[in-house]
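Undergrad: This is the structure, below, for whatever I ask next.
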Amino acid sequence: MPRKLHDETLAAWNEYVQLVCSRTENHAHQVPFLWITELPPRSAEVHAGEIAVWNQRNDGSFSVPHGLIHDWLGAVFIPHSSISNVLSVIRNYGRYAEIYNPAVIQAQALPSYKLDDRFSMIVLHKELFVTAAVRGEYETRYVQIDENHWYSISRSTRLQAIQNVNTPEMHVLPPDEGPGYIWRLLSVTKFEQSDDGVYVEMEALALSRDVPLMWRWLVDPIIAKLGKNSVHTTLEQTRKAVLLGHNQPHTISPKSSITD
C-alpha cells in the first residue's frame with residue numbers, strides 16, 4: 001500500500017533545510033570556507049587522493065514526525081583543475097547518465113537562466129533488498145563568492161516514485177506517494193580553488209519514511225550505507241569526469257546570489 005507524505009514530516013524537512021541554507025549563506029564569506037579545513041588530518045587525506053565521507057550525528061540520520069532526515073558530508077580534491085572545469089562537468093546535465101552511471105538512468109537540462117539551472121533526472125539506488133527509483137525535477141543556484149570560491153544549493157522541486165522499474169509493470173506514482181524511500185532531496189556543494197586544484201565538498205540531505213522500531217536494527221545500517229555510498233560515488237565520478245575532460249561549452253556568468 002503506497003504511503004503519503006505527511007504535512008508534519010514536510011514541515012520538519014523545510015525547517016531543517018532552512019537552517020542548512022541559512023548557515024551556508026551566512027558563513028559563505030567566512031574563513032574557513034570548507035568543513036575539512038577545520039579537520040587537518042581529514043584535509044590531508046583528501047588532498048592526498050582519498051574521498052572523505054562523514055556525518056555529524058546519529059550515523060547520518062535523525063527522526064522527525066513520520067520520517068527520517070539523512071545528512072551526509074563528503075569531500076574530494078581534483079588536482080590540476082579549475083572551478084570552471086568542475087562546473088562545466090556538474091552543469092552538463094545531458095551527460096549525467098554517462099557520468100553518473102548506473103545511478104542516473106536518464107537526465108536532461110530544462111530551461112535555465114544564467115546561474116539558475118533546472119534539470120530532470122531519473123535515479124535508481126539499490127542496497128540489498130531496498131530499491132529506490134525516482135523521477136524528479138531539480139533547481140540549482142550557483143553563487144560566486146570570489147575568484148577561488150563558489151557554492152551551489154540544489155533542491156528537488158518534484159519527485160515521483162517509480163514502481164516495478166525496468167519491468168513491463170513499471171509505472172510512475174503521483175508526487176508525495178509511494179514507498180517513501182526518497183521524499184525530498186537537497187545538496188549544498190562548495191568549491192575552493194587552491195593547492196593547484198579544486199576541493200569539492202558536498203552536504204547531501206534526504207527525507208525518507210520512518211522505520212518501525214522493531215526493524216531499525218536491520219534497516220538503519222542499510223539506509224546509512226546507501227547514503228554514504230551515494231555521496232562517495234558521486235564525488236568519485238565527478239572527479240573522474242573532470243580529469244577525463246567531460247565538459248561542455250558552458251559559460252560561467254558573473255556573480256550571483258541566492259534569493260527566495
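Identifiers in the C-alpha cells: chain A, B, ... in order shown; residue index from 1 per chain; ligand index from 1 in order shown.
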I'd like the contact shell of A:Leu10 - 10 Å cut-off, only C-alpha atoms, skipping same-chain residues fewer than 5 positions apart - returned as a list of chain:residue names.
TA: A:Leu5, A:Glu15, A:Tyr16, A:Val64, A:Pro65, A:His66, A:Gly67, A:Asp176, A:Trp183, A:Arg184, A:Leu207
Undergrad: Any chance you could export the current selection's C-alpha atoms as a compact mmCIF listing (two decimals), in the first residue's frame?
TA:
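Wrote it out as result00.txt, contents follow:
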```
# COMPACT_ATOMS: atom_id res chain seq x y z
CA LEU A 5 4.00 12.28 2.75
CA GLU A 15 12.65 23.83 8.80
CA TYR A 16 15.87 21.82 8.67
CA VAL A 64 11.19 13.70 12.54
CA PRO A 65 7.42 13.08 12.68
CA HIS A 66 6.70 10.07 10.42
CA GLY A 67 10.08 10.33 8.76
CA ASP A 176 4.40 12.52 -2.45
CA TRP A 183 10.53 12.17 -0.36
CA ARG A 184 12.83 15.17 -0.83
CA LEU A 207 13.94 12.98 3.54
```
Undergrad: My list of candidates is A:Val134, A:Leu87, A:Ala75, A:Ala109. Which is closest to A:Gly245 when distances are computed with only C-alpha atoms?
TA: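 Between A:Val134, A:Leu87, A:Ala75, A:Ala109, the residue approaching A:Gly245 most closely is A:Leu87.
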Undergrad: Have a look at atom CA of A:Pro174 and atom CA of A:Leu124 and let me know their distance in Å, one decimal.
TA: 17.4 Å
Undergrad: Out of stretch 9-243 of chain A, which residues get alpha helix (DSSP H) from DSSP, as an MDAnalysis selection string?
TA: chainID A and resid 9:27 40:47 83:90 96:99 216:243
Undergrad: Would you mind reading off the distance between atom CA of A:Ala52 and atom CA of A:His27, one decimal, in Å?
TA: 21.6 Å
Undergrad: Pick out the closest residue to A:Ala28 from this set: A:Ser152, A:Val200, A:Gly178, A:Asp210. Count only C-alpha atoms.
TA: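 Smallest distance to A:Ala28 is found for A:Ser152.
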Undergrad: For the interface of stretch 98-173 of chain A with stretch 22-25 of chain A (cut-off 12 Å, counting only C-alpha atoms), please tabulate each contacting residue of stretch 98-173 of chain A alongside its nearest pair of atoms and their separation in Å to one decimal, rows sorted by chain and increasing number, as a tab-separated table.
TA:
```
residue	atom	partner	partner_atom	distance
A:Arg141	CA	A:Glu25	CA	12.0
A:Tyr142	CA	A:Glu25	CA	11.8
A:Val143	CA	A:Glu25	CA	9.7
A:Gln144	CA	A:Glu25	CA	11.5
A:Ile145	CA	A:Glu25	CA	10.3
A:Trp150	CA	A:Glu25	CA	11.2
A:Tyr151	CA	A:Thr24	CA	8.6
A:Ser152	CA	A:Thr24	CA	9.5
A:Ile153	CA	A:Thr24	CA	9.0
```
Undergrad: Kindly save the residues from that selection, with N, CA and C atoms included, as a short mmCIF file (atom, residue, chain, number, x, y, z; two decimals), in the first residue's frame.
TA:
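Result went into out_22.cif, see below:
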```
data_model
loop_
_atom_site.label_atom_id
_atom_site.label_comp_id
_atom_site.auth_asym_id
_atom_site.auth_seq_id
_atom_site.Cartn_x
_atom_site.Cartn_y
_atom_site.Cartn_z
N ARG A 141 21.01 26.74 -7.79
CA ARG A 141 21.54 28.10 -7.87
C ARG A 141 23.03 28.07 -7.56
N TYR A 142 23.84 28.61 -8.49
CA TYR A 142 25.28 28.70 -8.31
C TYR A 142 25.65 30.11 -7.89
N VAL A 143 26.52 30.21 -6.91
CA VAL A 143 26.89 31.51 -6.34
C VAL A 143 28.41 31.64 -6.32
N GLN A 144 28.92 32.73 -6.87
CA GLN A 144 30.35 33.00 -6.83
C GLN A 144 30.65 33.96 -5.68
N ILE A 145 31.55 33.54 -4.78
CA ILE A 145 31.98 34.39 -3.68
C ILE A 145 33.13 35.28 -4.13
N TRP A 150 33.20 29.22 -4.79
CA TRP A 150 31.82 29.15 -5.25
C TRP A 150 31.06 28.19 -4.34
N TYR A 151 29.74 28.31 -4.39
CA TYR A 151 28.92 27.25 -3.79
C TYR A 151 27.61 27.14 -4.57
N SER A 152 26.93 26.02 -4.39
CA SER A 152 25.63 25.81 -5.04
C SER A 152 24.67 25.18 -4.05
N ILE A 153 23.40 25.48 -4.24
CA ILE A 153 22.34 24.82 -3.48
C ILE A 153 21.37 24.21 -4.49
#
```
Undergrad: Tell me, which residues of stretch 128-245 of chain A carry DSSP strand (DSSP E), written as an mmCIF file with N, CA and C atoms, in the first residue's frame?
TA:
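What follows is the written file result_37.cif:
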```
data_model
loop_
_atom_site.group_PDB
_atom_site.id
_atom_site.type_symbol
_atom_site.label_atom_id
_atom_site.label_comp_id
_atom_site.auth_asym_id
_atom_site.auth_seq_id
_atom_site.Cartn_x
_atom_site.Cartn_y
_atom_site.Cartn_z
ATOM 1 N N VAL A 130 16.564 -3.091 -0.741
ATOM 2 C CA VAL A 130 15.955 -1.776 -0.950
ATOM 3 C C VAL A 130 16.279 -1.290 -2.357
ATOM 4 N N THR A 131 15.233 -1.003 -3.139
ATOM 5 C CA THR A 131 15.381 -0.422 -4.466
ATOM 6 C C THR A 131 14.548 0.839 -4.526
ATOM 7 N N ALA A 132 15.198 1.978 -4.769
ATOM 8 C CA ALA A 132 14.508 3.259 -4.832
ATOM 9 C C ALA A 132 14.733 3.871 -6.207
ATOM 10 N N ALA A 133 13.665 3.920 -7.003
ATOM 11 C CA ALA A 133 13.708 4.535 -8.330
ATOM 12 C C ALA A 133 12.815 5.764 -8.298
ATOM 13 N N VAL A 134 13.362 6.904 -8.746
ATOM 14 C CA VAL A 134 12.639 8.163 -8.628
ATOM 15 C C VAL A 134 12.850 9.004 -9.883
ATOM 16 N N ARG A 135 11.755 9.562 -10.379
ATOM 17 C CA ARG A 135 11.840 10.561 -11.449
ATOM 18 C C ARG A 135 11.654 11.925 -10.819
ATOM 19 N N GLY A 136 12.545 12.864 -11.120
ATOM 20 C CA GLY A 136 12.463 14.145 -10.438
ATOM 21 C C GLY A 136 12.885 15.328 -11.285
ATOM 22 N N GLU A 137 12.471 16.493 -10.820
ATOM 23 C CA GLU A 137 12.915 17.761 -11.379
ATOM 24 C C GLU A 137 13.627 18.529 -10.273
ATOM 25 N N TYR A 138 14.665 19.275 -10.671
ATOM 26 C CA TYR A 138 15.531 19.931 -9.695
ATOM 27 C C TYR A 138 15.857 21.344 -10.152
ATOM 28 N N GLU A 139 16.186 22.186 -9.182
ATOM 29 C CA GLU A 139 16.703 23.510 -9.488
ATOM 30 C C GLU A 139 17.966 23.739 -8.676
ATOM 31 N N THR A 140 18.946 24.367 -9.305
ATOM 32 C CA THR A 140 20.231 24.616 -8.656
ATOM 33 C C THR A 140 20.628 26.067 -8.872
ATOM 34 N N ARG A 141 21.009 26.739 -7.794
ATOM 35 C CA ARG A 141 21.536 28.096 -7.874
ATOM 36 C C ARG A 141 23.027 28.069 -7.563
ATOM 37 N N TYR A 142 23.836 28.607 -8.493
ATOM 38 C CA TYR A 142 25.278 28.699 -8.311
ATOM 39 C C TYR A 142 25.647 30.113 -7.891
ATOM 40 N N VAL A 143 26.521 30.212 -6.906
ATOM 41 C CA VAL A 143 26.895 31.507 -6.336
ATOM 42 C C VAL A 143 28.414 31.641 -6.315
ATOM 43 N N GLN A 144 28.924 32.728 -6.868
ATOM 44 C CA GLN A 144 30.353 33.002 -6.831
ATOM 45 C C GLN A 144 30.655 33.955 -5.680
ATOM 46 N N ILE A 145 31.548 33.537 -4.781
ATOM 47 C CA ILE A 145 31.980 34.386 -3.681
ATOM 48 C C ILE A 145 33.134 35.277 -4.126
ATOM 49 N N ASP A 146 34.133 34.648 -4.721
ATOM 50 C CA ASP A 146 35.259 35.366 -5.312
ATOM 51 C C ASP A 146 35.863 34.444 -6.369
ATOM 52 N N HIS A 149 36.292 30.820 -4.870
ATOM 53 C CA HIS A 149 35.268 30.208 -4.023
ATOM 54 C C HIS A 149 33.881 30.354 -4.645
ATOM 55 N N TRP A 150 33.201 29.220 -4.792
ATOM 56 C CA TRP A 150 31.822 29.153 -5.252
ATOM 57 C C TRP A 150 31.061 28.193 -4.338
ATOM 58 N N TYR A 151 29.736 28.305 -4.385
ATOM 59 C CA TYR A 151 28.920 27.248 -3.788
ATOM 60 C C TYR A 151 27.613 27.141 -4.568
ATOM 61 N N SER A 152 26.932 26.023 -4.386
ATOM 62 C CA SER A 152 25.630 25.815 -5.035
ATOM 63 C C SER A 152 24.672 25.183 -4.045
ATOM 64 N N ILE A 153 23.402 25.475 -4.236
ATOM 65 C CA ILE A 153 22.342 24.818 -3.481
ATOM 66 C C ILE A 153 21.373 24.215 -4.489
ATOM 67 N N SER A 154 21.215 22.900 -4.421
ATOM 68 C CA SER A 154 20.365 22.175 -5.362
ATOM 69 C C SER A 154 19.250 21.480 -4.605
ATOM 70 N N ARG A 155 18.018 21.642 -5.075
ATOM 71 C CA ARG A 155 16.889 21.023 -4.376
ATOM 72 C C ARG A 155 15.922 20.398 -5.365
ATOM 73 N N SER A 156 15.276 19.346 -4.920
ATOM 74 C CA SER A 156 14.232 18.726 -5.740
ATOM 75 C C SER A 156 12.983 19.592 -5.684
ATOM 76 N N THR A 157 12.345 19.772 -6.829
ATOM 77 C CA THR A 157 11.096 20.518 -6.885
ATOM 78 C C THR A 157 9.902 19.609 -7.174
ATOM 79 N N ARG A 158 10.183 18.405 -7.652
ATOM 80 C CA ARG A 158 9.117 17.433 -7.931
ATOM 81 C C ARG A 158 9.746 16.054 -7.988
ATOM 82 N N LEU A 159 9.299 15.148 -7.129
ATOM 83 C CA LEU A 159 9.794 13.776 -7.121
ATOM 84 C C LEU A 159 8.628 12.813 -7.226
ATOM 85 N N GLN A 160 8.792 11.793 -8.054
ATOM 86 C CA GLN A 160 7.768 10.760 -8.233
ATOM 87 C C GLN A 160 8.422 9.385 -8.182
ATOM 88 N N ALA A 161 7.954 8.562 -7.274
ATOM 89 C CA ALA A 161 8.473 7.203 -7.159
ATOM 90 C C ALA A 161 8.063 6.370 -8.368
ATOM 91 N N ILE A 162 8.965 5.488 -8.781
ATOM 92 C CA ILE A 162 8.699 4.583 -9.895
ATOM 93 C C ILE A 162 8.605 3.175 -9.325
ATOM 94 N N GLN A 163 7.489 2.526 -9.562
ATOM 95 C CA GLN A 163 7.309 1.161 -9.087
ATOM 96 C C GLN A 163 7.594 0.165 -10.205
ATOM 97 N N HIS A 171 5.428 1.744 -13.513
ATOM 98 C CA HIS A 171 4.574 2.927 -13.587
ATOM 99 C C HIS A 171 5.028 3.962 -12.576
ATOM 100 N N VAL A 172 4.714 5.217 -12.875
ATOM 101 C CA VAL A 172 5.138 6.342 -12.044
ATOM 102 C C VAL A 172 3.981 6.777 -11.161
ATOM 103 N N GLU A 177 3.632 10.299 -3.035
ATOM 104 C CA GLU A 177 3.045 8.994 -2.785
ATOM 105 C C GLU A 177 4.069 7.928 -3.149
ATOM 106 N N GLY A 178 3.983 6.776 -2.461
ATOM 107 C CA GLY A 178 4.876 5.683 -2.809
ATOM 108 C C GLY A 178 5.514 5.050 -1.594
ATOM 109 N N ARG A 184 12.232 13.899 -0.435
ATOM 110 C CA ARG A 184 12.827 15.170 -0.832
ATOM 111 C C ARG A 184 14.348 15.022 -0.855
ATOM 112 N N LEU A 185 15.008 15.866 -1.663
ATOM 113 C CA LEU A 185 16.468 15.870 -1.743
ATOM 114 C C LEU A 185 16.977 17.314 -1.770
ATOM 115 N N LEU A 186 18.128 17.509 -1.161
ATOM 116 C CA LEU A 186 18.796 18.813 -1.217
ATOM 117 C C LEU A 186 20.289 18.594 -1.046
ATOM 118 N N SER A 187 21.086 19.356 -1.766
ATOM 119 C CA SER A 187 22.534 19.278 -1.586
ATOM 120 C C SER A 187 23.136 20.671 -1.618
ATOM 121 N N VAL A 188 24.133 20.849 -0.775
ATOM 122 C CA VAL A 188 24.919 22.078 -0.745
ATOM 123 C C VAL A 188 26.351 21.695 -1.105
ATOM 124 N N THR A 189 26.883 22.303 -2.156
ATOM 125 C CA THR A 189 28.220 21.950 -2.627
ATOM 126 C C THR A 189 29.090 23.190 -2.645
ATOM 127 N N LYS A 190 30.294 23.058 -2.085
ATOM 128 C CA LYS A 190 31.252 24.160 -2.058
ATOM 129 C C LYS A 190 32.451 23.813 -2.938
ATOM 130 N N PHE A 191 32.995 24.832 -3.582
ATOM 131 C CA PHE A 191 34.128 24.662 -4.481
ATOM 132 C C PHE A 191 35.213 25.659 -4.070
ATOM 133 N N GLU A 192 36.407 25.151 -3.787
ATOM 134 C CA GLU A 192 37.528 26.023 -3.418
ATOM 135 C C GLU A 192 38.725 25.726 -4.295
ATOM 136 N N GLN A 193 39.235 26.750 -4.974
ATOM 137 C CA GLN A 193 40.418 26.616 -5.818
ATOM 138 C C GLN A 193 41.659 26.868 -4.970
ATOM 139 N N SER A 194 42.494 25.854 -4.779
ATOM 140 C CA SER A 194 43.743 26.011 -4.034
ATOM 141 C C SER A 194 44.591 24.768 -4.226
ATOM 142 N N GLY A 197 44.534 22.848 -7.622
ATOM 143 C CA GLY A 197 43.383 22.012 -7.913
ATOM 144 C C GLY A 197 42.133 22.585 -7.280
ATOM 145 N N VAL A 198 41.103 21.767 -7.180
ATOM 146 C CA VAL A 198 39.819 22.210 -6.636
ATOM 147 C C VAL A 198 39.345 21.222 -5.582
ATOM 148 N N TYR A 199 39.005 21.746 -4.422
ATOM 149 C CA TYR A 199 38.330 20.953 -3.398
ATOM 150 C C TYR A 199 36.826 21.071 -3.629
ATOM 151 N N VAL A 200 36.160 19.930 -3.656
ATOM 152 C CA VAL A 200 34.701 19.893 -3.779
ATOM 153 C C VAL A 200 34.170 19.247 -2.506
ATOM 154 N N GLU A 201 33.352 19.980 -1.790
ATOM 155 C CA GLU A 201 32.780 19.482 -0.538
ATOM 156 C C GLU A 201 31.259 19.538 -0.636
ATOM 157 N N MET A 202 30.613 18.420 -0.391
ATOM 158 C CA MET A 202 29.170 18.319 -0.581
ATOM 159 C C MET A 202 28.471 17.857 0.688
ATOM 160 N N GLU A 203 27.384 18.538 1.017
ATOM 161 C CA GLU A 203 26.484 18.087 2.073
ATOM 162 C C GLU A 203 25.193 17.644 1.404
ATOM 163 N N ALA A 204 24.851 16.383 1.556
ATOM 164 C CA ALA A 204 23.693 15.806 0.886
ATOM 165 C C ALA A 204 22.616 15.462 1.907
ATOM 166 N N LEU A 205 21.422 15.998 1.698
ATOM 167 C CA LEU A 205 20.296 15.773 2.594
ATOM 168 C C LEU A 205 19.187 15.030 1.854
ATOM 169 N N ALA A 206 18.508 14.146 2.567
ATOM 170 C CA ALA A 206 17.365 13.429 2.005
ATOM 171 C C ALA A 206 16.311 13.234 3.079
ATOM 172 N N LEU A 207 15.065 13.260 2.658
ATOM 173 C CA LEU A 207 13.936 12.979 3.545
ATOM 174 C C LEU A 207 13.312 11.665 3.126
ATOM 175 N N SER A 208 13.120 10.766 4.083
ATOM 176 C CA SER A 208 12.526 9.466 3.783
ATOM 177 C C SER A 208 11.470 9.112 4.825
ATOM 178 N N ARG A 209 10.782 8.023 4.590
ATOM 179 C CA ARG A 209 9.816 7.491 5.541
ATOM 180 C C ARG A 209 10.524 7.079 6.830
#
```
Undergrad: What is the atom CA of A:Thr234 to atom CA of A:Pro175 distance in Å?
TA: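 Distance reported for this atom pair: 24.9 Å.
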Undergrad: Got a sec: who's within 6 Å of stretch 89-106 of chain A, counting only C-alpha atoms, leaving out chain neighbours fewer than 2 positions off, as a PyMOL selection string?
TA: chain A and resi 86-87+108-109+121-125+246-247
Undergrad: Go ahead and write the selection's residues with N, CA and C atoms as a tab-separated table (two decimals), in the first residue's frame.
TA:
```tsv
chain	number	residue	atom	x	y	z
A	86	VAL	N	35.30	22.13	-13.25
A	86	VAL	CA	34.40	21.34	-12.41
A	86	VAL	C	32.94	21.70	-12.69
A	87	LEU	N	32.65	23.00	-12.76
A	87	LEU	CA	31.28	23.43	-13.02
A	87	LEU	C	30.81	23.01	-14.41
A	108	GLN	N	18.21	15.35	-18.34
A	108	GLN	CA	18.24	16.37	-19.37
A	108	GLN	C	18.10	17.75	-18.73
A	109	ALA	N	18.68	18.75	-19.41
A	109	ALA	CA	18.57	20.13	-18.94
A	109	ALA	C	17.18	20.66	-19.27
A	121	MET	N	15.75	14.27	-13.97
A	121	MET	CA	16.63	13.11	-13.82
A	121	MET	C	15.84	11.93	-13.28
A	122	ILE	N	16.17	10.74	-13.75
A	122	ILE	CA	15.66	9.51	-13.18
A	122	ILE	C	16.82	8.79	-12.52
A	123	VAL	N	16.69	8.51	-11.22
A	123	VAL	CA	17.77	7.86	-10.48
A	123	VAL	C	17.29	6.52	-9.94
A	124	LEU	N	18.24	5.63	-9.78
A	124	LEU	CA	17.96	4.29	-9.26
A	124	LEU	C	19.04	3.94	-8.25
A	125	HIS	N	18.62	3.69	-7.00
A	125	HIS	CA	19.54	3.29	-5.94
A	125	HIS	C	19.15	1.91	-5.44
A	246	HIS	N	35.16	15.59	-19.39
A	246	HIS	CA	33.76	15.51	-19.81
A	246	HIS	C	33.07	16.83	-19.52
A	247	ASN	N	33.38	17.84	-20.31
A	247	ASN	CA	32.76	19.14	-20.07
A	247	ASN	C	31.92	19.57	-21.26
```
